[in-house]
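What's in target_11.cif: mmCIF, C-alpha atoms
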data_my_file
#
loop_
_atom_site.label_atom_id
_atom_site.label_comp_id
_atom_site.auth_asym_id
_atom_site.auth_seq_id
_atom_site.Cartn_x
_atom_site.Cartn_y
_atom_site.Cartn_z
CA MET A 1 22.25 -113.41 -253.05
CA THR A 2 24.18 -110.85 -255.11
CA PRO A 3 25.93 -111.49 -258.44
CA ASP A 4 29.22 -111.05 -256.62
CA SER A 5 28.46 -113.92 -254.26
CA ARG A 6 27.84 -116.26 -257.24
CA ALA A 7 31.08 -115.26 -258.97
CA PRO A 8 33.72 -117.89 -259.77
CA ALA A 9 36.59 -118.35 -257.39
CA VAL A 10 38.91 -115.36 -257.19
CA ARG A 11 42.33 -115.85 -258.65
CA GLY A 12 45.25 -115.08 -256.40
CA PRO A 13 46.43 -115.99 -252.90
CA PHE A 14 42.93 -116.01 -251.42
CA PRO A 15 40.49 -118.75 -250.41
CA ARG A 16 38.08 -120.06 -253.03
CA ARG A 17 34.59 -118.50 -252.91
CA LEU A 18 35.82 -115.39 -251.09
CA ASP A 19 32.70 -113.75 -249.68
CA PRO A 20 32.56 -110.22 -251.19
CA ASP A 21 30.58 -109.02 -248.16
CA GLY A 22 32.90 -110.65 -245.63
CA TYR A 23 35.53 -109.01 -243.50
CA LEU A 24 38.45 -110.63 -245.34
CA ALA A 25 37.44 -109.23 -248.73
CA THR A 26 36.69 -105.85 -247.14
CA PHE A 27 40.11 -105.76 -245.49
CA LEU A 28 41.98 -106.77 -248.65
CA VAL A 29 40.22 -104.25 -250.89
CA SER A 30 40.65 -101.54 -248.26
CA LEU A 31 44.35 -102.38 -248.06
CA ALA A 32 44.55 -101.95 -251.83
CA GLY A 33 42.79 -98.59 -251.54
CA PHE A 34 45.21 -97.51 -248.82
CA GLY A 35 48.02 -97.93 -251.37
CA GLY A 36 46.49 -95.08 -253.33
CA LEU A 37 46.40 -92.71 -250.35
CA VAL A 38 49.63 -93.67 -248.59
CA VAL A 39 51.21 -90.28 -249.36
CA LEU A 40 48.63 -88.63 -247.14
CA ALA A 41 49.61 -90.96 -244.29
CA VAL A 42 53.24 -89.80 -244.29
CA LEU A 43 52.64 -86.19 -245.29
CA PRO A 44 54.57 -84.60 -242.39
CA LEU A 45 57.62 -86.75 -243.12
CA LEU A 46 57.47 -86.06 -246.87
CA VAL A 47 57.16 -82.30 -246.41
CA SER A 48 60.05 -82.11 -243.94
CA ARG A 49 62.35 -84.18 -246.20
CA LEU A 50 61.52 -82.03 -249.23
CA VAL A 51 62.54 -78.95 -247.26
CA VAL A 52 65.74 -80.45 -245.83
CA GLU A 53 66.96 -82.65 -248.66
CA LEU A 54 66.03 -80.66 -251.77
CA ASP A 55 66.39 -77.21 -250.16
CA HIS A 56 62.80 -76.25 -251.01
CA GLY A 57 60.92 -73.73 -248.90
CA GLU A 58 57.71 -74.62 -247.08
CA ALA A 59 55.62 -73.14 -249.90
CA GLN A 60 57.49 -75.15 -252.56
CA ALA A 61 57.29 -78.35 -250.51
CA GLY A 62 53.59 -77.69 -250.03
CA MET A 63 53.23 -77.28 -253.80
CA VAL A 64 54.81 -80.69 -254.42
CA VAL A 65 52.52 -82.56 -252.03
CA SER A 66 49.53 -80.51 -253.19
CA ALA A 67 50.20 -81.68 -256.76
CA ASN A 68 50.18 -85.27 -255.50
CA LEU A 69 46.90 -84.81 -253.67
CA PHE A 70 45.31 -82.91 -256.55
CA GLY A 71 46.24 -85.87 -258.77
CA ASN A 72 44.36 -88.07 -256.27
CA ALA A 73 41.32 -85.84 -256.76
CA LEU A 74 41.50 -86.09 -260.55
CA GLY A 75 41.89 -89.86 -260.33
CA MET A 76 38.79 -90.22 -258.16
CA LEU A 77 36.81 -88.06 -260.55
CA GLY A 78 38.13 -90.22 -263.37
CA VAL A 79 36.73 -93.31 -261.65
CA ALA A 80 33.25 -91.78 -261.81
CA GLY A 81 33.66 -91.13 -265.53
CA LEU A 82 35.17 -94.50 -266.43
CA LEU A 83 33.17 -96.75 -264.14
CA ARG A 84 30.38 -97.38 -266.63
CA ARG A 85 32.84 -98.59 -269.28
CA THR A 86 35.72 -100.12 -267.30
CA GLY A 87 35.81 -102.74 -264.57
CA LEU A 88 36.92 -101.89 -261.06
CA LYS A 89 39.87 -104.28 -261.15
CA ALA A 90 41.16 -102.73 -264.39
CA LEU A 91 40.91 -99.22 -262.93
CA ALA A 92 42.65 -100.26 -259.72
CA ALA A 93 45.42 -102.14 -261.53
CA GLY A 94 46.00 -99.22 -263.90
CA GLY A 95 46.27 -96.86 -260.95
CA ALA A 96 48.76 -99.12 -259.16
CA GLY A 97 50.85 -99.34 -262.34
CA LEU A 98 50.97 -95.55 -262.63
CA ILE A 99 52.13 -95.28 -259.03
CA LEU A 100 54.93 -97.80 -259.59
CA ALA A 101 56.22 -96.02 -262.69
CA CYS A 102 56.12 -92.58 -261.09
CA GLU A 103 57.80 -93.62 -257.84
CA LEU A 104 60.70 -95.12 -259.79
CA ALA A 105 60.93 -91.91 -261.83
CA SER A 106 60.89 -89.81 -258.63
CA LEU A 107 64.15 -91.43 -257.54
CA THR A 108 66.00 -89.43 -260.21
CA VAL A 109 64.04 -86.13 -260.09
CA THR A 110 65.05 -83.23 -257.87
CA ALA A 111 64.09 -80.03 -259.75
CA LEU A 112 60.82 -78.47 -258.62
CA ALA A 113 58.84 -78.39 -261.90
CA PRO A 114 59.57 -82.01 -262.97
CA LEU A 115 58.96 -83.23 -259.42
CA VAL A 116 55.57 -81.51 -259.32
CA SER A 117 54.66 -83.17 -262.64
CA VAL A 118 55.73 -86.64 -261.52
CA ARG A 119 53.89 -86.33 -258.20
CA LEU A 120 50.76 -85.18 -260.03
CA VAL A 121 50.74 -88.30 -262.22
CA SER A 122 51.50 -90.53 -259.24
CA GLY A 123 48.56 -88.95 -257.43
CA LEU A 124 46.37 -89.63 -260.47
CA GLY A 125 47.21 -93.32 -260.17
CA GLY A 126 46.51 -93.21 -256.46
CA GLY A 127 43.11 -91.64 -257.08
CA LEU A 128 42.19 -94.38 -259.55
CA LEU A 129 43.25 -97.06 -257.07
CA ALA A 130 41.54 -95.53 -254.03
CA GLY A 131 38.46 -94.53 -256.02
CA ALA A 132 38.01 -98.09 -257.23
CA ALA A 133 38.17 -99.30 -253.62
CA TYR A 134 35.51 -96.77 -252.55
CA ALA A 135 33.31 -97.78 -255.49
CA TRP A 136 33.69 -101.46 -254.55
CA ALA A 137 32.59 -100.66 -250.99
CA ALA A 138 29.56 -98.77 -252.29
CA ARG A 139 28.33 -101.95 -254.04
CA ARG A 140 28.38 -104.12 -250.94
CA HIS A 141 25.47 -105.03 -248.69
CA HIS A 142 27.25 -103.18 -245.86
CA PRO A 143 29.03 -100.21 -247.47
CA GLU A 144 29.67 -98.56 -244.11
CA ARG A 145 31.94 -101.47 -243.26
CA GLY A 146 34.16 -100.69 -246.24
CA TYR A 147 34.26 -96.95 -245.56
CA ALA A 148 35.11 -97.51 -241.90
CA MET A 149 37.82 -100.01 -242.79
CA LEU A 150 39.38 -97.59 -245.29
CA LEU A 151 39.40 -94.83 -242.69
CA LEU A 152 40.86 -97.05 -239.99
CA LEU A 153 43.64 -98.27 -242.28
CA GLN A 154 44.51 -94.71 -243.22
CA PHE A 155 45.02 -93.67 -239.60
CA LEU A 156 46.57 -96.91 -238.32
CA GLY A 157 48.77 -97.10 -241.41
CA ALA A 158 49.92 -93.56 -240.81
CA GLY A 159 51.06 -94.33 -237.29
CA LEU A 160 52.79 -97.56 -238.30
CA LEU A 161 54.57 -96.08 -241.33
CA LEU A 162 55.74 -92.98 -239.49
CA PHE A 163 57.22 -95.25 -236.81
CA LEU A 164 58.87 -97.70 -239.20
CA LEU A 165 60.21 -95.11 -241.65
CA GLU A 166 62.04 -92.90 -239.17
CA ALA A 167 65.39 -94.71 -239.44
CA PRO A 168 65.27 -95.53 -243.20
CA VAL A 169 64.36 -91.95 -244.11
CA ALA A 170 67.10 -90.56 -241.88
CA ARG A 171 69.61 -92.78 -243.68
CA PHE A 172 68.36 -92.88 -247.27
CA GLY A 173 66.25 -89.73 -247.50
CA LEU A 174 63.39 -89.32 -249.95
CA SER A 175 64.35 -92.52 -251.75
CA ALA A 176 63.07 -94.52 -248.78
CA LEU A 177 59.69 -92.81 -249.08
CA TYR A 178 59.42 -93.30 -252.85
CA LEU A 179 60.27 -96.99 -252.52
CA THR A 180 57.69 -97.33 -249.73
CA PHE A 181 55.02 -95.86 -252.03
CA ALA A 182 56.08 -98.31 -254.74
CA GLY A 183 55.94 -101.21 -252.29
CA CYS A 184 52.40 -100.25 -251.26
CA ALA A 185 51.40 -100.21 -254.94
CA LEU A 186 52.82 -103.73 -255.35
CA LEU A 187 50.89 -104.87 -252.28
CA ALA A 188 47.75 -103.33 -253.80
CA LEU A 189 48.26 -105.38 -256.97
CA LEU A 190 48.24 -108.53 -254.84
CA CYS A 191 45.02 -107.45 -253.11
CA ILE A 192 43.07 -106.28 -256.18
CA PRO A 193 41.87 -109.83 -257.11
CA ALA A 194 39.80 -109.73 -253.91
CA MET A 195 37.46 -107.35 -255.73
CA GLY A 196 36.22 -110.37 -257.63
CA ARG A 197 33.64 -109.87 -260.36
CA THR A 198 31.62 -106.71 -259.85
CA ALA A 199 28.02 -106.03 -260.75
CA PRO A 200 27.17 -103.94 -263.85
CA ASP A 201 27.78 -100.24 -263.37
CA ALA A 202 24.05 -99.46 -263.65
CA ALA A 203 23.60 -101.25 -260.32
CA ALA A 204 26.32 -99.27 -258.58
CA PRO A 205 25.52 -96.02 -256.76
CA LEU A 206 28.88 -94.52 -257.71
CA GLY A 207 28.81 -93.19 -261.25
CA SER A 208 25.11 -93.92 -261.84
CA ALA A 209 23.43 -91.02 -263.56
CA ARG A 210 20.12 -92.52 -264.62
CA ARG A 211 17.90 -90.05 -262.76
CA GLY A 212 17.88 -86.28 -263.10
CA THR A 213 20.01 -84.30 -260.68
CA SER A 214 19.06 -80.74 -261.61
CA ALA A 215 16.94 -80.37 -258.47
CA ILE A 216 19.82 -81.57 -256.31
CA TRP A 217 22.25 -79.08 -257.85
CA ARG A 218 19.79 -76.24 -257.19
CA ASP A 219 19.61 -77.20 -253.50
CA TRP A 220 21.62 -74.71 -251.42
CA ARG A 221 22.27 -77.43 -248.83
CA LEU A 222 24.44 -79.30 -251.33
CA TRP A 223 26.68 -76.30 -251.90
CA GLY A 224 26.82 -75.62 -248.19
CA LEU A 225 27.97 -79.15 -247.44
CA LEU A 226 30.53 -79.22 -250.26
CA LEU A 227 31.96 -75.93 -248.99
CA ALA A 228 32.02 -77.24 -245.41
CA ILE A 229 33.83 -80.41 -246.49
CA ALA A 230 36.33 -78.33 -248.47
CA LEU A 231 37.07 -76.02 -245.51
CA PHE A 232 37.37 -78.94 -243.10
CA GLU A 233 39.82 -80.85 -245.29
CA VAL A 234 41.91 -77.74 -246.07
CA ALA A 235 42.30 -77.12 -242.33
CA ASN A 236 43.19 -80.70 -241.41
CA ALA A 237 45.53 -81.33 -244.34
CA GLY A 238 47.37 -78.08 -243.62
CA ALA A 239 47.69 -78.91 -239.94
CA TRP A 240 48.81 -82.49 -240.59
CA ALA A 241 51.42 -81.47 -243.17
CA PHE A 242 53.10 -78.95 -240.86
CA LEU A 243 52.89 -80.65 -237.48
CA GLN A 244 56.68 -80.76 -237.37
CA ALA A 245 56.95 -77.05 -238.22
CA PHE A 246 54.51 -76.18 -235.44
CA GLY A 247 56.50 -78.28 -232.98
CA GLN A 248 59.76 -76.67 -234.08
CA ALA A 249 58.23 -73.25 -233.48
CA LEU A 250 57.74 -74.34 -229.86
CA ALA A 251 61.45 -75.31 -229.70
CA LEU A 252 60.61 -78.97 -229.11
CA PRO A 253 63.27 -81.60 -229.87
CA GLU A 254 62.91 -83.45 -233.17
CA ALA A 255 62.62 -86.81 -231.41
CA GLN A 256 59.66 -85.62 -229.34
CA ILE A 257 57.92 -84.11 -232.34
CA HIS A 258 58.34 -87.31 -234.31
CA GLY A 259 57.04 -89.42 -231.43
CA VAL A 260 53.92 -87.28 -231.13
CA THR A 261 53.35 -87.46 -234.90
CA VAL A 262 53.64 -91.25 -234.91
CA ILE A 263 51.09 -91.66 -232.11
CA ALA A 264 48.74 -89.11 -233.67
CA GLY A 265 48.82 -90.96 -236.96
CA GLY A 266 47.39 -94.08 -235.35
CA ILE A 267 45.15 -92.62 -232.66
CA GLY A 268 42.84 -91.04 -235.23
CA GLY A 269 41.24 -94.46 -235.64
CA VAL A 270 39.58 -93.86 -232.25
CA GLY A 271 37.44 -91.21 -233.92
CA ALA A 272 36.30 -93.62 -236.64
CA LEU A 273 35.44 -96.26 -234.04
CA ALA A 274 33.44 -93.67 -232.09
CA VAL A 275 31.37 -92.90 -235.19
CA MET A 276 30.67 -96.61 -235.71
CA ARG A 277 29.54 -96.85 -232.08
CA LEU A 278 27.48 -93.64 -231.91
CA GLY A 279 26.02 -93.67 -235.42
CA GLU A 280 23.13 -91.25 -235.90
CA ARG A 281 21.44 -91.82 -232.56
CA ARG A 282 22.03 -88.17 -231.65
CA GLY A 283 21.67 -86.83 -235.17
CA ARG A 284 24.55 -85.23 -237.01
CA THR A 285 24.49 -81.66 -235.74
CA ARG A 286 25.60 -82.28 -232.16
CA PRO A 287 28.47 -84.67 -232.96
CA LEU A 288 29.55 -82.39 -235.80
CA ALA A 289 29.54 -79.32 -233.56
CA ALA A 290 31.47 -81.18 -230.86
CA GLY A 291 34.13 -82.34 -233.31
CA LEU A 292 34.59 -78.90 -234.86
CA LEU A 293 34.69 -77.06 -231.51
CA LEU A 294 37.31 -79.48 -230.21
CA SER A 295 39.32 -78.97 -233.42
CA LEU A 296 39.16 -75.21 -232.84
CA ALA A 297 40.32 -75.60 -229.25
CA ALA A 298 43.21 -77.87 -230.26
CA THR A 299 44.38 -75.46 -232.97
CA ALA A 300 44.21 -72.54 -230.55
CA ALA A 301 46.30 -74.54 -228.08
CA LEU A 302 49.06 -74.87 -230.68
CA LEU A 303 49.34 -71.05 -230.69
CA LEU A 304 50.36 -71.15 -227.04
CA ASP A 305 54.01 -71.73 -226.20
CA ARG A 306 53.38 -74.22 -223.39
CA GLY A 307 55.72 -77.12 -224.12
CA LEU A 308 55.41 -80.78 -225.06
CA ALA A 309 52.26 -81.85 -223.16
CA PRO A 310 49.89 -79.23 -224.61
CA TYR A 311 51.38 -79.75 -228.08
CA ALA A 312 50.90 -83.53 -227.87
CA ALA A 313 47.35 -83.21 -226.52
CA ALA A 314 46.39 -80.74 -229.26
CA VAL A 315 47.78 -82.95 -232.02
CA MET A 316 45.98 -86.04 -230.65
CA VAL A 317 42.67 -84.17 -230.45
CA LEU A 318 43.04 -82.90 -234.02
CA SER A 319 43.69 -86.41 -235.29
CA ILE A 320 40.75 -87.98 -233.46
CA CYS A 321 38.37 -85.16 -234.45
CA TRP A 322 39.37 -85.47 -238.10
CA ALA A 323 38.23 -89.11 -238.20
CA PHE A 324 35.19 -88.38 -236.04
CA THR A 325 33.81 -85.31 -237.83
CA LEU A 326 34.29 -86.15 -241.51
CA PRO A 327 31.84 -89.12 -241.59
CA TYR A 328 29.05 -86.86 -240.31
CA LEU A 329 29.71 -84.35 -243.07
CA GLN A 330 29.70 -87.18 -245.61
CA GLY A 331 26.54 -88.63 -244.10
CA ALA A 332 24.71 -85.33 -244.43
CA LEU A 333 25.76 -85.16 -248.07
CA ALA A 334 24.57 -88.73 -248.68
CA GLN A 335 21.16 -87.90 -247.20
CA LEU A 336 20.60 -85.42 -250.03
CA ASP A 337 21.10 -88.19 -252.59
CA ARG A 338 20.39 -91.74 -251.41
CA HIS A 339 21.29 -93.10 -254.86
CA GLY A 340 24.92 -92.04 -254.38
CA GLU A 341 25.23 -89.82 -257.44
CA LEU A 342 27.09 -87.19 -255.41
CA THR A 343 29.67 -89.62 -254.02
CA ALA A 344 32.28 -88.99 -256.72
CA ILE A 345 31.80 -85.22 -256.52
CA GLY A 346 32.21 -85.32 -252.75
CA CYS A 347 35.43 -87.36 -253.06
CA PHE A 348 36.72 -84.95 -255.70
CA VAL A 349 36.06 -81.95 -253.43
CA MET A 350 37.75 -83.68 -250.51
CA MET A 351 40.88 -84.51 -252.45
CA CYS A 352 41.10 -81.05 -254.03
CA SER A 353 40.87 -79.54 -250.56
CA LEU A 354 43.47 -81.94 -249.18
CA SER A 355 45.78 -80.83 -251.99
CA LEU A 356 45.21 -77.13 -251.32
CA GLY A 357 45.65 -77.32 -247.55
CA PRO A 358 49.45 -77.83 -247.36
CA TRP A 359 50.05 -75.20 -250.05
CA LEU A 360 47.87 -72.52 -248.42
CA VAL A 361 49.18 -73.13 -244.91
CA GLY A 362 52.73 -73.26 -246.30
CA LEU A 363 52.20 -69.84 -247.86
CA GLY A 364 50.99 -68.56 -244.50
CA ILE A 365 54.02 -69.95 -242.68
CA ASP A 366 56.37 -68.42 -245.26
CA ALA A 367 54.65 -65.03 -244.89
CA GLY A 368 54.10 -64.86 -241.14
CA GLY A 369 55.55 -67.93 -239.48
CA SER A 370 53.66 -70.67 -237.66
CA PRO A 371 51.18 -68.28 -235.98
CA LEU A 372 49.80 -67.12 -239.33
CA GLY A 373 49.56 -70.72 -240.57
CA LEU A 374 47.61 -71.69 -237.45
CA LEU A 375 45.32 -68.68 -237.81
CA LEU A 376 44.48 -69.79 -241.35
CA ILE A 377 43.58 -73.23 -239.99
CA LEU A 378 41.44 -71.65 -237.26
CA GLY A 379 39.62 -69.54 -239.84
CA CYS A 380 38.80 -72.62 -241.93
CA PHE A 381 37.38 -74.46 -238.91
CA VAL A 382 35.24 -71.44 -237.94
CA ALA A 383 33.92 -71.09 -241.50
CA CYS A 384 33.19 -74.83 -241.63
CA LEU A 385 31.23 -74.62 -238.40
CA ALA A 386 29.19 -71.66 -239.67
CA THR A 387 28.53 -73.36 -243.02
CA ALA A 388 27.76 -76.93 -241.95
CA LEU A 389 25.54 -76.56 -238.90
CA PRO A 390 22.63 -74.76 -240.61
CA VAL A 391 22.51 -77.56 -243.18
CA THR A 392 22.77 -80.46 -240.74
CA ARG A 393 20.07 -78.97 -238.52
CA LEU A 394 17.72 -79.11 -241.49
CA THR A 395 18.76 -82.62 -242.52
CA ASP A 396 18.37 -83.84 -238.92
CA ALA A 397 14.89 -82.33 -238.74
CA SER A 398 13.85 -83.87 -242.07
CA ALA A 399 15.27 -87.36 -241.37
CA THR A 400 12.69 -90.08 -240.91
CA PRO A 401 13.24 -93.29 -238.93
CA THR A 402 13.43 -95.17 -242.24
CA GLU A 403 16.13 -92.90 -243.53
CA GLU A 404 18.16 -93.27 -240.37
CA ILE A 405 18.42 -97.03 -240.62
CA THR A 406 18.74 -97.35 -244.39
CA PRO A 407 22.13 -98.97 -245.09
#

Show me, as structure tokens, the structure contained in the file I just sent.
Amino acid sequence: MTPDSRAPAVRGPFPRRLDPDGYLATFLVSLAGFGGLVVLAVLPLLVSRLVVELDHGEAQAGMVVSANLFGNALGMLGVAGLLRRTGLKALAAGGAGLILACELASLTVTALAPLVSVRLVSGLGGGLLAGAAYAWAARRHHPERGYAMLLLLQFLGAGLLLFLLEAPVARFGLSALYLTFAGCALLALLCIPAMGRTAPDAAAPLGSARRGTSAIWRDWRLWGLLLAIALFEVANAGAWAFLQAFGQALALPEAQIHGVTVIAGGIGGVGALAVMRLGERRGRTRPLAAGLLLSLAATAALLLDRGLAPYAAAVMVLSICWAFTLPYLQGALAQLDRHGELTAIGCFVMMCSLSLGPWLVGLGIDAGGSPLGLLLILGCFVACLATALPVTRLTDASATPTEEITP
């Protein structure tokens, strides 16, 4: 029995003696974490409204959302630094409060520089909130359950929000999005009590630095995996942010593009479910190679002017492969450090890359149109494939049966 399971009843609208390892607690904490990453879920809609409503170019719109995502990265890194001195609930509540304040401020900001600053601080709050949820999951008996739930909510939430927000955004513009972000932060505040009382930070993998890590940092496999994760997230974030621009380049109607984006936002959960089903029975190299090769094929298909069906199929494949491939990259990283000391660094790299993706691809579109943006995405996938597979082949070969089943 863990200290969490002996904790007093959780305050709030939840049953007494909420099991911290149960599905209800996992869902509620994951829902709180989703409130910190909700901007990523509606990225295509946010980018398009920034371009249309505030008359920003693709590069400027990409800079705004990149600032938000970079703030997420800083917030997650902040969780690692504060975790030993601050409770998870305090970190999560502080992050939700920052989001609320910044979203209300965003309602009155239109100039580029102030908007970038406000989105950066909002992202910082989101990183604190989401990082606390990831740290909570890492302390559970079944951490994979929390990670999978967070991933599923991100993709299913994306599809649901993109569907529900179409009419409000068309009528009220960016204000509808900012108020949605604020509403998700309020919902997170209601869910944060489900975190209950957490164990001392020394018992948590995230943020623990009791053993030396110099040998790990000298391991070339670590740098290879961090680079592969960065390239993979740059490619996917750039593609996701400009799905509407790629559809417009094919002369597709706005209604069709939006419909494809809505479905793609939710269908990515299929990839996460496939990982939960397949696990490591076939190692990491083969699933990773399959996911990256399919991502390459889908991106190449977007370069072809073939109409709605190929566009829709390519977008669906990209979404599913994003959720399918990333856990294998993260799993390979975790195998280098079973104590979890690299978790925060990996999250930081992911969020930095997610923030850079829309900006870099936006620069490419501004310079050479959609084809150049897609070629940048292709290049990132190719580089990821070349960087990751040599590492995962070694980690697959060195894995023992004990390591494969260690939770």

Could you check the closest approach to Val382 of chain A for each of A:Thr108, A:Gln244, A:Ser295, A:Gln256 and tell me which residue wins, using all atoms listed in the file?
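The answer is A:Ser295, which sits nearest to Val382 of chain A.
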
Given the choices A:Leu120, A:Ala25, A:Leu389, A:Leu231, which gets closest to Gly71 of chain A if the distance is worked out from only C-alpha atoms?
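Among the listed residues, the smallest separation from Gly71 of chain A belongs to A:Leu120.
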
What is the distance between atom CA of Ala230 of chain A and atom CA of Phe348 of chain A, in Å to one decimal?
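Atom-to-atom, atom CA of Ala230 of chain A and atom CA of Phe348 of chain A are spaced 9.8 Å apart.
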
Would you translate the PyMOL selection byres ((chain A and resi 303-320) around 6) into the concrete set of residues it matches in this file, as a short mmCIF file (atom, residue, chain, number, x, y, z; two decimals) with C-alpha atoms, in the coordinates of the input?
data_model
loop_
_atom_site.label_atom_id
_atom_site.label_comp_id
_atom_site.auth_asym_id
_atom_site.auth_seq_id
_atom_site.Cartn_x
_atom_site.Cartn_y
_atom_site.Cartn_z
CA LEU A 250 57.74 -74.34 -229.86
CA VAL A 260 53.92 -87.28 -231.13
CA ALA A 264 48.74 -89.11 -233.67
CA GLY A 268 42.84 -91.04 -235.23
CA GLY A 271 37.44 -91.21 -233.92
CA SER A 295 39.32 -78.97 -233.42
CA ALA A 298 43.21 -77.87 -230.26
CA ALA A 300 44.21 -72.54 -230.55
CA ALA A 301 46.30 -74.54 -228.08
CA LEU A 302 49.06 -74.87 -230.68
CA CYS A 321 38.37 -85.16 -234.45
CA TRP A 322 39.37 -85.47 -238.10
CA ALA A 323 38.23 -89.11 -238.20
#

Smallest atom-to-atom distance to Glu53 of chain A: which of A:Gly283, A:Gly379, A:Gly173, A:Gly159, using all atoms listed in the file?
A:Gly173

Might you pull out every residue within 10 Å of Gly125 of chain A, with all atoms listed in the file counted and same-chain residues fewer than 4 positions away left off, and present them as a CSV table (one decimal) with C-alpha atoms, in the coordinates of the input?
chain,number,residue,atom,x,y,z
A,35,GLY,CA,48.0,-97.9,-251.4
A,36,GLY,CA,46.5,-95.1,-253.3
A,37,LEU,CA,46.4,-92.7,-250.4
A,68,ASN,CA,50.2,-85.3,-255.5
A,71,GLY,CA,46.2,-85.9,-258.8
A,72,ASN,CA,44.4,-88.1,-256.3
A,74,LEU,CA,41.5,-86.1,-260.6
A,75,GLY,CA,41.9,-89.9,-260.3
A,76,MET,CA,38.8,-90.2,-258.2
A,91,LEU,CA,40.9,-99.2,-262.9
A,92,ALA,CA,42.6,-100.3,-259.7
A,93,ALA,CA,45.4,-102.1,-261.5
A,94,GLY,CA,46.0,-99.2,-263.9
A,95,GLY,CA,46.3,-96.9,-261.0
A,96,ALA,CA,48.8,-99.1,-259.2
A,97,GLY,CA,50.8,-99.3,-262.3
A,98,LEU,CA,51.0,-95.6,-262.6
A,99,ILE,CA,52.1,-95.3,-259.0
A,100,LEU,CA,54.9,-97.8,-259.6
A,101,ALA,CA,56.2,-96.0,-262.7
A,102,CYS,CA,56.1,-92.6,-261.1
A,119,ARG,CA,53.9,-86.3,-258.2
A,120,LEU,CA,50.8,-85.2,-260.0
A,121,VAL,CA,50.7,-88.3,-262.2
A,129,LEU,CA,43.2,-97.1,-257.1
A,130,ALA,CA,41.5,-95.5,-254.0
A,131,GLY,CA,38.5,-94.5,-256.0
A,185,ALA,CA,51.4,-100.2,-254.9

Since the input is missing atoms, can you rebuild N, CA, C and O atoms for segment 24-34 of chain A and write them as a PDB file, keeping the file's coordinate frame?
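part08.pdb was written with the following content:
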ATOM      1  N   LEU A  24      37.173-110.414-244.670  1.00  0.00           N
ATOM      2  CA  LEU A  24      38.450-110.630-245.340  1.00  0.00           C
ATOM      3  C   LEU A  24      38.510-109.854-246.654  1.00  0.00           C
ATOM      4  O   LEU A  24      39.492-109.159-246.936  1.00  0.00           O
ATOM      5  N   ALA A  25      37.463-109.965-247.469  1.00  0.00           N
ATOM      6  CA  ALA A  25      37.440-109.230-248.730  1.00  0.00           C
ATOM      7  C   ALA A  25      37.467-107.724-248.471  1.00  0.00           C
ATOM      8  O   ALA A  25      38.161-106.973-249.165  1.00  0.00           O
ATOM      9  N   THR A  26      36.717-107.283-247.471  1.00  0.00           N
ATOM     10  CA  THR A  26      36.690-105.850-247.140  1.00  0.00           C
ATOM     11  C   THR A  26      38.069-105.360-246.736  1.00  0.00           C
ATOM     12  O   THR A  26      38.521-104.279-247.164  1.00  0.00           O
ATOM     13  N   PHE A  27      38.763-106.152-245.923  1.00  0.00           N
ATOM     14  CA  PHE A  27      40.110-105.760-245.490  1.00  0.00           C
ATOM     15  C   PHE A  27      41.067-105.703-246.672  1.00  0.00           C
ATOM     16  O   PHE A  27      41.840-104.743-246.812  1.00  0.00           O
ATOM     17  N   LEU A  28      41.034-106.717-247.536  1.00  0.00           N
ATOM     18  CA  LEU A  28      41.980-106.770-248.650  1.00  0.00           C
ATOM     19  C   LEU A  28      41.753-105.625-249.642  1.00  0.00           C
ATOM     20  O   LEU A  28      42.709-104.987-250.104  1.00  0.00           O
ATOM     21  N   VAL A  29      40.502-105.349-249.968  1.00  0.00           N
ATOM     22  CA  VAL A  29      40.220-104.250-250.890  1.00  0.00           C
ATOM     23  C   VAL A  29      40.558-102.911-250.248  1.00  0.00           C
ATOM     24  O   VAL A  29      41.081-102.006-250.903  1.00  0.00           O
ATOM     25  N   SER A  30      40.288-102.766-248.957  1.00  0.00           N
ATOM     26  CA  SER A  30      40.650-101.540-248.260  1.00  0.00           C
ATOM     27  C   SER A  30      42.162-101.352-248.219  1.00  0.00           C
ATOM     28  O   SER A  30      42.663-100.227-248.327  1.00  0.00           O
ATOM     29  N   LEU A  31      42.883-102.458-248.047  1.00  0.00           N
ATOM     30  CA  LEU A  31      44.350-102.380-248.060  1.00  0.00           C
ATOM     31  C   LEU A  31      44.846-101.933-249.426  1.00  0.00           C
ATOM     32  O   LEU A  31      45.800-101.144-249.526  1.00  0.00           O
ATOM     33  N   ALA A  32      44.203-102.417-250.492  1.00  0.00           N
ATOM     34  CA  ALA A  32      44.550-101.950-251.830  1.00  0.00           C
ATOM     35  C   ALA A  32      44.273-100.455-251.958  1.00  0.00           C
ATOM     36  O   ALA A  32      45.102 -99.692-252.485  1.00  0.00           O
ATOM     37  N   GLY A  33      43.112-100.005-251.479  1.00  0.00           N
ATOM     38  CA  GLY A  33      42.790 -98.590-251.540  1.00  0.00           C
ATOM     39  C   GLY A  33      43.755 -97.726-250.751  1.00  0.00           C
ATOM     40  O   GLY A  33      44.085 -96.609-251.157  1.00  0.00           O
ATOM     41  N   PHE A  34      44.229 -98.252-249.624  1.00  0.00           N
ATOM     42  CA  PHE A  34      45.210 -97.510-248.820  1.00  0.00           C
ATOM     43  C   PHE A  34      46.475 -97.245-249.623  1.00  0.00           C
ATOM     44  O   PHE A  34      47.120 -96.202-249.455  1.00  0.00           O
TER      45      PHE A  34
END
